[in-house]
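Novice: Structure provided below as structure tokens; questions to follow.
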4 protein chains.
Amino acid sequence: MYSFKNDYSEGAHPQILEALSKTNFEQEEGYGEDTYCTQAIEVLKAMIGQKTADIHFFVGGTQTNLTSVAAFLRPHEAVISVESGHVCVHETGAIEATGHKVVTMPGVEGKLTVADVESAVNSHPDEHMVKPKLVYISNSTEVGTIYTKSELVALRNCCDKHNLYFYLDGARLGSALTSEANDLTLSDLGELLDAFYIGATKNGALFGEALIISNQTLKSDFRYMIKQRGGLLAKGRLLGIQFLELFKDGLYFDLARHANAMACKLSRGIEEAGHGFLTESPSNQVFPILPKKIVEQLEEKYSFYRWQDVDGKIAIRLITSWATKEDMVEAFIEDVKTMS
Amino acid sequence: MYSFKNDYSEGAHPQILEALSKTNFEQEEGYGEDTYCTQAIEVLKAMIGQKTADIHFFVGGTQTNLTSVAAFLRPHEAVISVESGHVCVHETGAIEATGHKVVTMPGVEGKLTVADVESAVNSHPDEHMVKPKLVYISNSTEVGTIYTKSELVALRNCCDKHNLYFYLDGARLGSALTSEANDLTLSDLGELLDAFYIGATKNGALFGEALIISNQTLKSDFRYMIKQRGGLLAKGRLLGIQFLELFKDGLYFDLARHANAMACKLSRGIEEAGHGFLTESPSNQVFPILPKKIVEQLEEKYSFYRWQDVDGKIAIRLITSWATKEDMVEAFIEDVKTMS
Amino acid sequence: MYSFKNDYSEGAHPQILEALSKTNFEQEEGYGEDTYCTQAIEVLKAMIGQKTADIHFFVGGTQTNLTSVAAFLRPHEAVISVESGHVCVHETGAIEATGHKVVTMPGVEGKLTVADVESAVNSHPDEHMVKPKLVYISNSTEVGTIYTKSELVALRNCCDKHNLYFYLDGARLGSALTSEANDLTLSDLGELLDAFYIGATKNGALFGEALIISNQTLKSDFRYMIKQRGGLLAKGRLLGIQFLELFKDGLYFDLARHANAMACKLSRGIEEAGHGFLTESPSNQVFPILPKKIVEQLEEKYSFYRWQDVDGKIAIRLITSWATKEDMVEAFIEDVKTMS
Amino acid sequence: MYSFKNDYSEGAHPQILEALSKTNFEQEEGYGEDTYCTQAIEVLKAMIGQKTADIHFFVGGTQTNLTSVAAFLRPHEAVISVESGHVCVHETGAIEATGHKVVTMPGVEGKLTVADVESAVNSHPDEHMVKPKLVYISNSTEVGTIYTKSELVALRNCCDKHNLYFYLDGARLGSALTSEANDLTLSDLGELLDAFYIGATKNGALFGEALIISNQTLKSDFRYMIKQRGGLLAKGRLLGIQFLELFKDGLYFDLARHANAMACKLSRGIEEAGHGFLTESPSNQVFPILPKKIVEQLEEKYSFYRWQDVDGKIAIRLITSWATKEDMVEAFIEDVKTMS
């Protein structure tokens, strides 16, 4: 049974395991103060074009989000997110567990709009309500869509107007930035966002997310926050080594491009077979709408999530990754074409 | 410069890296629902002798402690710990950040006594104060001492008398259980404690702590707690594979025995050189008291922590590990003997 | 300028002030352990028909809600509420500040339906999401509507089916229970709810809410929770004296009936003047929809809230209370009829 | 049975009840935005000599403390307090429930010293520990002692040196400021502290504490904090009216002077009877050390707390208040003198 359930089904790209082996017996400082973290941070700063950014490595995305929100906001301040946002739905109330409300807005195709933000701010006028303060977006989104540069600029301007922080969850940032539909660079993100993270767990690492804080006022004492929330990895070197390996020669982008290519191939094949899609996703998540009978047949050979019912048919979610095998993609398409 | 600063300076035992490589391209379920976690849990259950225990894997110790306390206690309930306890001092208020007070007691040589627990309970009689509910101990302790079986039995009885939970932080449990002074087994721990964790980060793994919950009432919905606190590792297999490797043939204990042997060798050598110790540690942390001049000379060749001043001399902390090289231990002893 | 802004514009019913004066120099125990609290609790228990209920007095509604939720729920458990629910909107994230998410549902006319609860439960199937656990309703609701007995029975059955707690915010319970449309008794509430509170701040007291906990499992250590959240009033007698005065001879219901009568009179008068309403409210909040020009004229003589725009007109909120003067109601109606 | 248990056994000074009655039917804005709060704030500002201070009224002391700490501190920042401090012991972990650790220091006679603060700061050097940030003191203290101006100046300088906030819990400030041993003024407090509160619950009001925030950086959005913690009283006028009554003509100080005079009379009488004291208290709490037999006889006629055992004898706590009757003080002394 081949899995298209997610992009973290396998271990890590072999180059990462090799680097871990090669450096294994070096003695290093703990808690992210090792030489590999230092090197990886320098490499990332250069790519983002921000010498003064603060960069911290985390093991997972929920941890990154909850630590950031807890560090950045005062008790009465709230997050604004689309309803499908990871922080709204799939983090078991991690944000609320740090004391903060998530104000949810409808969005469009999984993306937050300026109108959403304006509406959230305007509907919270006084001290009997929370104060929306941090705009949370994911790129790519939870439904595979990606933001354009002009959309991010518009949201940035809106944040400036209302004195809001702008934060991007990049759990699948690799796939977004290497999408054919993308016009954003890491450097744009450094300029437009107060903070964002580059996800590696879903793009070839064993684990790892790199949080970049550009806004000077948000940097202070951040390591205390990581430690307090249980996120300071004893052998921090593991994060430094992985990020160094992924970014020193562009491996990160190569892996994401592969995932996108596989998703694109899946989409085209399914389209050729005459089926439609829930969203037009230019990234590594595709949501074909298939007759129930075909879904049931596919489930005998492949694993994936049923996403939602659509007029008697079923939208399923297929995710590709750095490790997705092209022959399995071809087999899947062939199956879709022949099943009925 | 050779380091005796801690037991997480190197990567992992090579057998662990090999296992990660060998299984790398297998597709597995995420979030701890993979086949390796399942196997590792079975192995651990067998060793502990508790078929009904719940076992969860974490990446780090602070995360394990804070998630457990947050899950086990109601808002007004508090932890009892010795002053030197990790949860009191070195977790940046992680317990308090989940809303719970840590009631600190003096203890004896880093160990909590029945008298401490009685005193903590008796001094909190009514609803104007927190209600002490969970007894926290570390084994080995933060100053290298270990608990005997009779001490644990006494604390267990005290907990029963006052309706308290009994929790053991096993960040360095390997070193404790393989100490020559030890008379406890994993099976004893399963019987005497409501919950405890077996630490691997400090004993040969890249990272990993295994929480064992024996008390039926504490098991419910625990995975929600892990996810909410950001501790549910996407590639949970990494934890399963490591624990399986460490426990399927006793590697965990072999590694700890090596660390203890190196610490013992260090102690004897330093003793032979005529120096005393801050505590009598039978585990992998030793605290020799040395003249300042010798400490300064040692610092040119070795890294370690200065612990505290003792009557004009300095107590330093030396930690050995699974990776400590015997020739470096010998060199250190030789240096201590020749320095003056 | 006469105010219809809310039902807490004046002090307290004179009988309450007299009782405070009369008892002023008696020495009483603090923190709710006085003789008046004891008496008031007995009176309330008799009215509710539950000898075993636990009853606690609070100063305010937000405090009652946040303390109850914090006491009743484990960290991953969430509240279900309609979007207009007080806990969702007007408590500045008080529930989230205790760590719990509020899952919001659309509801119908400010009331939560069984379908809402089913949907909330069904859309939260696993540990990556919060676990809905407490159903929160207000009676009367934030838009003046009230629940019928059959609606409450249906919600109770739904709660039983899904193992949920059922909680009622009775900030304006007096107005609900004395409404002509009401078919519920205090005794019904004691039977149908796990916990509910009887609000007095908005019905003639200086302040005060009485929380009734019927569910045995929710009673334990509740006074710790009140103290921890800062809600244990030193001179608890003030609450006991007020509730005794309000309930010993039915004053509470007389006051609420007056408020409802005034609201009813307002509604009829405005209806006679040819205007419609946003909701059909049988309680002490009415929401007439008036032309902007009339609203502006009324604002010169009366204070009230503009609620929302409705097709070019404005829905305003008028609240009556135990203290509302009938001649001012008549004057208001006269003004509406003559303004254009 | 006459009570010397505390200073909140009676209702309020009659002048306050009269003021409440007189203003009862005036319609006022809710939530502290009424004309009486405005007037009371102006009166207090004038007395403190700080036109720019922010002043907020609370119902109780624990609420004031927890709301202030939650508002002032970031998540990793901690409170420094003496072990006997109210926030350490008698608030059921209210501070921890907002996520913050209280670092406890021994102090001297219930007072925090500069050495305590230095020690607390120095023992928390890095991000593995909390960061002490707010110095908490009570005046008068929990054992009846009071701070001198020079002690407060020294603590202020220490706070400046270490970039700490300086906060004073004035639950019994009236008694402290009118003590014969006092050399502090309200104006001194406004200058020396970042924030402090003037307690009225224990000095003649039904309830009420006035928080004065002098530090500009701590003022922002404070009303959100009060609302979020459930402390925004709907009929805020009740606080404004009481504080206006207490401070417009010095009633507050007259009441405190009476309490002190009664305590002083008690002390002298008990001293004349040949008994010693646990602390030398110049305020309204006295701690005589009496033979067990006498204590038992006194308990038949008076209520008070047994405080602690002292070499076979018992230290009891006697508290006087604005309402303490001089003839009962005389009777108590007479009894002590004749009992044996």
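In the structure tokens, each chain is lettered A, B, ... as it comes, each chain's residues begin at 1, and ligands are numbered from 1 in order of appearance.
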Run DSSP on the backbone of this structure and report the residues of segment 77-261 of chain D it assigns to helix (DSSP H, G or I), as a PyMOL selection string.

Specialist: chain D and resi 86-89+94-97+114-122+149-162+173-177+186-192+216-218+222-228+237-247+251-261

Novice: With C-alpha atoms retained, could you export that selection as a PDB file, in the first residue's frame?

Specialist:
```pdb
ATOM      1  CA  HIS D  86       0.400  37.217  50.385  1.00  0.00           C
ATOM      2  CA  VAL D  87       1.048  36.297  46.734  1.00  0.00           C
ATOM      3  CA  CYS D  88       3.287  33.408  47.845  1.00  0.00           C
ATOM      4  CA  VAL D  89       1.028  31.823  50.335  1.00  0.00           C
ATOM      5  CA  ALA D  94      -3.297  32.925  41.691  1.00  0.00           C
ATOM      6  CA  ILE D  95      -0.023  34.301  40.327  1.00  0.00           C
ATOM      7  CA  GLU D  96       1.071  30.908  39.014  1.00  0.00           C
ATOM      8  CA  ALA D  97      -2.366  30.460  37.472  1.00  0.00           C
ATOM      9  CA  VAL D 114      17.977  44.724  49.063  1.00  0.00           C
ATOM     10  CA  ALA D 115      20.126  41.662  49.763  1.00  0.00           C
ATOM     11  CA  ASP D 116      17.121  39.428  49.021  1.00  0.00           C
ATOM     12  CA  VAL D 117      16.533  41.120  45.691  1.00  0.00           C
ATOM     13  CA  GLU D 118      20.221  40.987  44.730  1.00  0.00           C
ATOM     14  CA  SER D 119      20.333  37.323  45.605  1.00  0.00           C
ATOM     15  CA  ALA D 120      17.211  36.537  43.602  1.00  0.00           C
ATOM     16  CA  VAL D 121      18.565  38.332  40.540  1.00  0.00           C
ATOM     17  CA  ASN D 122      22.032  36.838  40.778  1.00  0.00           C
ATOM     18  CA  LYS D 149      11.124  55.541  53.523  1.00  0.00           C
ATOM     19  CA  SER D 150      14.826  54.741  53.462  1.00  0.00           C
ATOM     20  CA  GLU D 151      14.078  51.039  52.983  1.00  0.00           C
ATOM     21  CA  LEU D 152      11.807  51.828  50.054  1.00  0.00           C
ATOM     22  CA  VAL D 153      14.373  54.163  48.508  1.00  0.00           C
ATOM     23  CA  ALA D 154      17.002  51.449  48.772  1.00  0.00           C
ATOM     24  CA  LEU D 155      14.717  48.891  47.133  1.00  0.00           C
ATOM     25  CA  ARG D 156      13.815  51.416  44.404  1.00  0.00           C
ATOM     26  CA  ASN D 157      17.504  51.971  43.645  1.00  0.00           C
ATOM     27  CA  CYS D 158      18.052  48.230  43.545  1.00  0.00           C
ATOM     28  CA  CYS D 159      15.126  47.866  41.139  1.00  0.00           C
ATOM     29  CA  ASP D 160      16.545  50.591  38.916  1.00  0.00           C
ATOM     30  CA  LYS D 161      19.941  48.898  38.930  1.00  0.00           C
ATOM     31  CA  HIS D 162      18.450  45.584  37.787  1.00  0.00           C
ATOM     32  CA  LEU D 173      -1.770  50.541  53.647  1.00  0.00           C
ATOM     33  CA  GLY D 174      -4.009  52.711  55.802  1.00  0.00           C
ATOM     34  CA  SER D 175      -2.684  51.129  58.949  1.00  0.00           C
ATOM     35  CA  ALA D 176       0.905  51.452  57.708  1.00  0.00           C
ATOM     36  CA  LEU D 177       0.670  55.118  56.726  1.00  0.00           C
ATOM     37  CA  LEU D 186       1.118  58.601  49.523  1.00  0.00           C
ATOM     38  CA  SER D 187       3.177  60.978  47.442  1.00  0.00           C
ATOM     39  CA  ASP D 188       6.363  59.038  48.279  1.00  0.00           C
ATOM     40  CA  LEU D 189       4.678  55.851  47.122  1.00  0.00           C
ATOM     41  CA  GLY D 190       3.683  57.467  43.840  1.00  0.00           C
ATOM     42  CA  GLU D 191       7.304  58.413  43.279  1.00  0.00           C
ATOM     43  CA  LEU D 192       9.027  55.260  44.452  1.00  0.00           C
ATOM     44  CA  GLN D 216       4.027  54.896  31.830  1.00  0.00           C
ATOM     45  CA  THR D 217       4.987  51.615  30.150  1.00  0.00           C
ATOM     46  CA  LEU D 218       2.670  49.630  32.418  1.00  0.00           C
ATOM     47  CA  PHE D 222      -4.946  47.893  31.383  1.00  0.00           C
ATOM     48  CA  ARG D 223      -8.749  47.904  31.296  1.00  0.00           C
ATOM     49  CA  TYR D 224      -8.585  44.913  28.932  1.00  0.00           C
ATOM     50  CA  MET D 225      -6.681  43.060  31.629  1.00  0.00           C
ATOM     51  CA  ILE D 226      -9.259  43.837  34.310  1.00  0.00           C
ATOM     52  CA  LYS D 227     -12.084  42.656  32.088  1.00  0.00           C
ATOM     53  CA  GLN D 228     -10.250  39.500  31.002  1.00  0.00           C
ATOM     54  CA  ARG D 237     -19.986  53.417  40.697  1.00  0.00           C
ATOM     55  CA  LEU D 238     -19.927  51.396  43.943  1.00  0.00           C
ATOM     56  CA  LEU D 239     -16.139  51.650  43.962  1.00  0.00           C
ATOM     57  CA  GLY D 240     -16.069  55.296  42.963  1.00  0.00           C
ATOM     58  CA  ILE D 241     -18.587  56.297  45.626  1.00  0.00           C
ATOM     59  CA  GLN D 242     -16.710  54.451  48.367  1.00  0.00           C
ATOM     60  CA  PHE D 243     -13.276  55.816  47.506  1.00  0.00           C
ATOM     61  CA  LEU D 244     -14.657  59.315  47.157  1.00  0.00           C
ATOM     62  CA  GLU D 245     -16.234  59.052  50.580  1.00  0.00           C
ATOM     63  CA  LEU D 246     -13.038  57.663  52.133  1.00  0.00           C
ATOM     64  CA  PHE D 247     -10.636  60.181  50.631  1.00  0.00           C
ATOM     65  CA  LEU D 251     -11.984  59.475  56.538  1.00  0.00           C
ATOM     66  CA  TYR D 252      -9.651  56.702  55.339  1.00  0.00           C
ATOM     67  CA  PHE D 253      -6.863  57.905  57.594  1.00  0.00           C
ATOM     68  CA  ASP D 254      -9.156  58.516  60.567  1.00  0.00           C
ATOM     69  CA  LEU D 255     -10.390  54.928  60.374  1.00  0.00           C
ATOM     70  CA  ALA D 256      -6.861  53.544  60.125  1.00  0.00           C
ATOM     71  CA  ARG D 257      -5.739  55.634  63.059  1.00  0.00           C
ATOM     72  CA  HIS D 258      -8.521  54.159  65.148  1.00  0.00           C
ATOM     73  CA  ALA D 259      -7.464  50.633  64.208  1.00  0.00           C
ATOM     74  CA  ASN D 260      -3.846  51.424  65.110  1.00  0.00           C
ATOM     75  CA  ALA D 261      -4.822  53.021  68.398  1.00  0.00           C
TER      76      ALA D 261
END
```

Novice: Give as a PyMOL selection string every residue of chain C that touches chain A within 8 Å, counting only C-alpha atoms.

Specialist: chain C and resi 75-76+89-93+96-101+127-131

Novice: Measure the distance from atom CA of Lys22 of chain D to atom CA of Pro14 of chain C in Å and round it to one decimal.

Specialist: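 Going from atom CA of Lys22 of chain D over to atom CA of Pro14 of chain C, I get 10.6 Å.
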
Novice: Name the residues of segment 13-96 of chain A that come out as strand (DSSP E) in a backbone DSSP run; write them as a list of chain:residue names.

Specialist: A:Asp54, A:Ile55, A:His56, A:Phe57, A:Phe58, A:Glu77, A:Ala78, A:Val79, A:Ile80, A:Ser81, A:Val82

Novice: One number please: atom CA of Ile16 of chain B to atom CA of Ala205 of chain B, in Å, one decimal.

Specialist: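 Between atom CA of Ile16 of chain B and atom CA of Ala205 of chain B the gap is 7.0 Å.
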
Novice: Hey, can you check how far atom CA of Gln50 of chain A sits from atom CA of Asp194 of chain A?

Specialist: 12.2 Å

Novice: Extract, using only C-alpha atoms, all DNA, RNA and protein residues at most 9 Å from segment 56-58 of chain C, discarding same-chain residues fewer than 2 positions from it, and format them as a PDB file with N, CA, C and O atoms, in the first residue's frame.

Specialist:
```
ATOM      1  N   GLY C  32     -17.496  34.151  52.552  1.00  0.00           N
ATOM      2  CA  GLY C  32     -18.672  33.348  52.256  1.00  0.00           C
ATOM      3  C   GLY C  32     -19.030  32.330  53.309  1.00  0.00           C
ATOM      4  O   GLY C  32     -19.928  31.515  53.096  1.00  0.00           O
ATOM      5  N   CYS C  37     -24.825  33.996  54.018  1.00  0.00           N
ATOM      6  CA  CYS C  37     -24.605  33.104  52.874  1.00  0.00           C
ATOM      7  C   CYS C  37     -25.258  31.750  53.146  1.00  0.00           C
ATOM      8  O   CYS C  37     -25.921  31.184  52.267  1.00  0.00           O
ATOM      9  N   ILE C  41     -28.213  30.278  50.847  1.00  0.00           N
ATOM     10  CA  ILE C  41     -28.020  28.995  50.161  1.00  0.00           C
ATOM     11  C   ILE C  41     -29.179  28.054  50.470  1.00  0.00           C
ATOM     12  O   ILE C  41     -29.688  27.364  49.573  1.00  0.00           O
ATOM     13  N   ASP C  54     -24.414  22.270  45.259  1.00  0.00           N
ATOM     14  CA  ASP C  54     -23.456  23.210  45.852  1.00  0.00           C
ATOM     15  C   ASP C  54     -23.763  24.590  45.295  1.00  0.00           C
ATOM     16  O   ASP C  54     -23.984  24.740  44.080  1.00  0.00           O
ATOM     17  N   GLY C  60     -19.469  38.899  39.919  1.00  0.00           N
ATOM     18  CA  GLY C  60     -19.841  39.233  38.542  1.00  0.00           C
ATOM     19  C   GLY C  60     -19.933  38.022  37.637  1.00  0.00           C
ATOM     20  O   GLY C  60     -19.453  36.927  37.964  1.00  0.00           O
ATOM     21  N   GLY C  61     -20.528  38.217  36.480  1.00  0.00           N
ATOM     22  CA  GLY C  61     -20.809  37.121  35.561  1.00  0.00           C
ATOM     23  C   GLY C  61     -19.584  36.575  34.847  1.00  0.00           C
ATOM     24  O   GLY C  61     -19.422  35.362  34.719  1.00  0.00           O
ATOM     25  N   GLN C  63     -16.596  36.591  35.896  1.00  0.00           N
ATOM     26  CA  GLN C  63     -15.881  35.832  36.924  1.00  0.00           C
ATOM     27  C   GLN C  63     -16.508  34.448  37.155  1.00  0.00           C
ATOM     28  O   GLN C  63     -15.803  33.447  37.309  1.00  0.00           O
ATOM     29  N   THR C  64     -17.821  34.414  37.161  1.00  0.00           N
ATOM     30  CA  THR C  64     -18.515  33.143  37.362  1.00  0.00           C
ATOM     31  C   THR C  64     -18.229  32.201  36.194  1.00  0.00           C
ATOM     32  O   THR C  64     -17.897  31.025  36.391  1.00  0.00           O
ATOM     33  N   PHE C 207     -24.655  43.849  43.207  1.00  0.00           N
ATOM     34  CA  PHE C 207     -23.868  42.889  42.426  1.00  0.00           C
ATOM     35  C   PHE C 207     -24.193  41.524  42.975  1.00  0.00           C
ATOM     36  O   PHE C 207     -24.703  41.415  44.103  1.00  0.00           O
ATOM     37  N   GLY C 208     -23.878  40.476  42.221  1.00  0.00           N
ATOM     38  CA  GLY C 208     -24.065  39.136  42.759  1.00  0.00           C
ATOM     39  C   GLY C 208     -24.624  38.143  41.763  1.00  0.00           C
ATOM     40  O   GLY C 208     -25.586  38.425  41.044  1.00  0.00           O
ATOM     41  N   GLU C 209     -23.969  36.971  41.694  1.00  0.00           N
ATOM     42  CA  GLU C 209     -24.430  35.871  40.861  1.00  0.00           C
ATOM     43  C   GLU C 209     -24.308  34.619  41.739  1.00  0.00           C
ATOM     44  O   GLU C 209     -23.316  34.441  42.435  1.00  0.00           O
ATOM     45  N   ALA C 210     -25.319  33.782  41.686  1.00  0.00           N
ATOM     46  CA  ALA C 210     -25.307  32.558  42.496  1.00  0.00           C
ATOM     47  C   ALA C 210     -25.128  31.353  41.579  1.00  0.00           C
ATOM     48  O   ALA C 210     -25.994  31.050  40.763  1.00  0.00           O
ATOM     49  N   LEU C 211     -23.995  30.683  41.728  1.00  0.00           N
ATOM     50  CA  LEU C 211     -23.711  29.510  40.899  1.00  0.00           C
ATOM     51  C   LEU C 211     -24.230  28.257  41.587  1.00  0.00           C
ATOM     52  O   LEU C 211     -23.881  27.988  42.742  1.00  0.00           O
ATOM     53  N   ILE C 212     -25.046  27.494  40.866  1.00  0.00           N
ATOM     54  CA  ILE C 212     -25.579  26.242  41.399  1.00  0.00           C
ATOM     55  C   ILE C 212     -24.918  25.087  40.654  1.00  0.00           C
ATOM     56  O   ILE C 212     -25.012  24.987  39.427  1.00  0.00           O
ATOM     57  N   ILE C 213     -24.233  24.224  41.381  1.00  0.00           N
ATOM     58  CA  ILE C 213     -23.594  23.062  40.767  1.00  0.00           C
ATOM     59  C   ILE C 213     -24.368  21.817  41.191  1.00  0.00           C
ATOM     60  O   ILE C 213     -24.381  21.457  42.362  1.00  0.00           O
ATOM     61  N   PHE C 222     -14.191  23.364  44.765  1.00  0.00           N
ATOM     62  CA  PHE C 222     -14.543  24.538  43.978  1.00  0.00           C
ATOM     63  C   PHE C 222     -14.128  25.855  44.633  1.00  0.00           C
ATOM     64  O   PHE C 222     -13.808  26.829  43.948  1.00  0.00           O
ATOM     65  N   ARG C 223     -14.126  25.883  45.974  1.00  0.00           N
ATOM     66  CA  ARG C 223     -13.722  27.137  46.634  1.00  0.00           C
ATOM     67  C   ARG C 223     -12.257  27.492  46.345  1.00  0.00           C
ATOM     68  O   ARG C 223     -11.898  28.684  46.288  1.00  0.00           O
ATOM     69  N   ILE C 226     -12.389  29.497  43.146  1.00  0.00           N
ATOM     70  CA  ILE C 226     -12.860  30.877  43.305  1.00  0.00           C
ATOM     71  C   ILE C 226     -11.724  31.738  43.841  1.00  0.00           C
ATOM     72  O   ILE C 226     -11.456  32.833  43.344  1.00  0.00           O
ATOM     73  N   GLY C 231     -11.891  35.589  43.047  1.00  0.00           N
ATOM     74  CA  GLY C 231     -13.316  35.844  43.191  1.00  0.00           C
ATOM     75  C   GLY C 231     -13.899  35.647  44.580  1.00  0.00           C
ATOM     76  O   GLY C 231     -15.101  35.813  44.756  1.00  0.00           O
ATOM     77  N   LEU C 232     -13.052  35.306  45.559  1.00  0.00           N
ATOM     78  CA  LEU C 232     -13.583  35.056  46.905  1.00  0.00           C
ATOM     79  C   LEU C 232     -13.681  36.385  47.652  1.00  0.00           C
ATOM     80  O   LEU C 232     -12.683  36.930  48.100  1.00  0.00           O
ATOM     81  N   LEU C 233     -14.889  36.908  47.769  1.00  0.00           N
ATOM     82  CA  LEU C 233     -15.098  38.222  48.363  1.00  0.00           C
ATOM     83  C   LEU C 233     -14.825  38.170  49.869  1.00  0.00           C
ATOM     84  O   LEU C 233     -15.397  37.347  50.583  1.00  0.00           O
ATOM     85  N   GLY C 236     -17.943  38.339  52.282  1.00  0.00           N
ATOM     86  CA  GLY C 236     -18.893  37.503  51.543  1.00  0.00           C
ATOM     87  C   GLY C 236     -20.326  37.719  51.978  1.00  0.00           C
ATOM     88  O   GLY C 236     -21.264  37.490  51.206  1.00  0.00           O
ATOM     89  N   LEU C 239     -22.893  39.281  49.703  1.00  0.00           N
ATOM     90  CA  LEU C 239     -23.588  38.446  48.720  1.00  0.00           C
ATOM     91  C   LEU C 239     -24.723  37.678  49.372  1.00  0.00           C
ATOM     92  O   LEU C 239     -25.830  37.590  48.842  1.00  0.00           O
ATOM     93  N   GLY C 240     -24.432  37.126  50.555  1.00  0.00           N
ATOM     94  CA  GLY C 240     -25.469  36.378  51.264  1.00  0.00           C
ATOM     95  C   GLY C 240     -26.673  37.255  51.586  1.00  0.00           C
ATOM     96  O   GLY C 240     -27.828  36.867  51.353  1.00  0.00           O
ATOM     97  N   PHE C 243     -28.738  38.061  48.332  1.00  0.00           N
ATOM     98  CA  PHE C 243     -29.517  36.943  47.782  1.00  0.00           C
ATOM     99  C   PHE C 243     -30.645  36.540  48.725  1.00  0.00           C
ATOM    100  O   PHE C 243     -31.727  36.165  48.275  1.00  0.00           O
TER     101      PHE C 243
END
```

Novice: Excluding Lys325 of chain B and residues on its chain fewer than 2 positions from it, collect all residues at most 12 Å away from it, counting only C-alpha atoms, and give them as a PyMOL selection string.

Specialist: (chain A and resi 25+27) or (chain B and resi 2-4+10+258-259+261-263+265-266+320-323+327-332)

Novice: With a distance cut-off of 12 Å and only C-alpha atoms, select the neighbouring residues of Gly312 of chain A, excluding the residue or stretch itself and same-chain residues fewer than 2 positions from it, and output the selection as a list in words.

Specialist: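 Contacts, with the query itself left out: Ile289, Leu290, Pro291, Lys292, Lys293, Gln308, Asp309, Val310, Ile314 and Ala315 of chain A.
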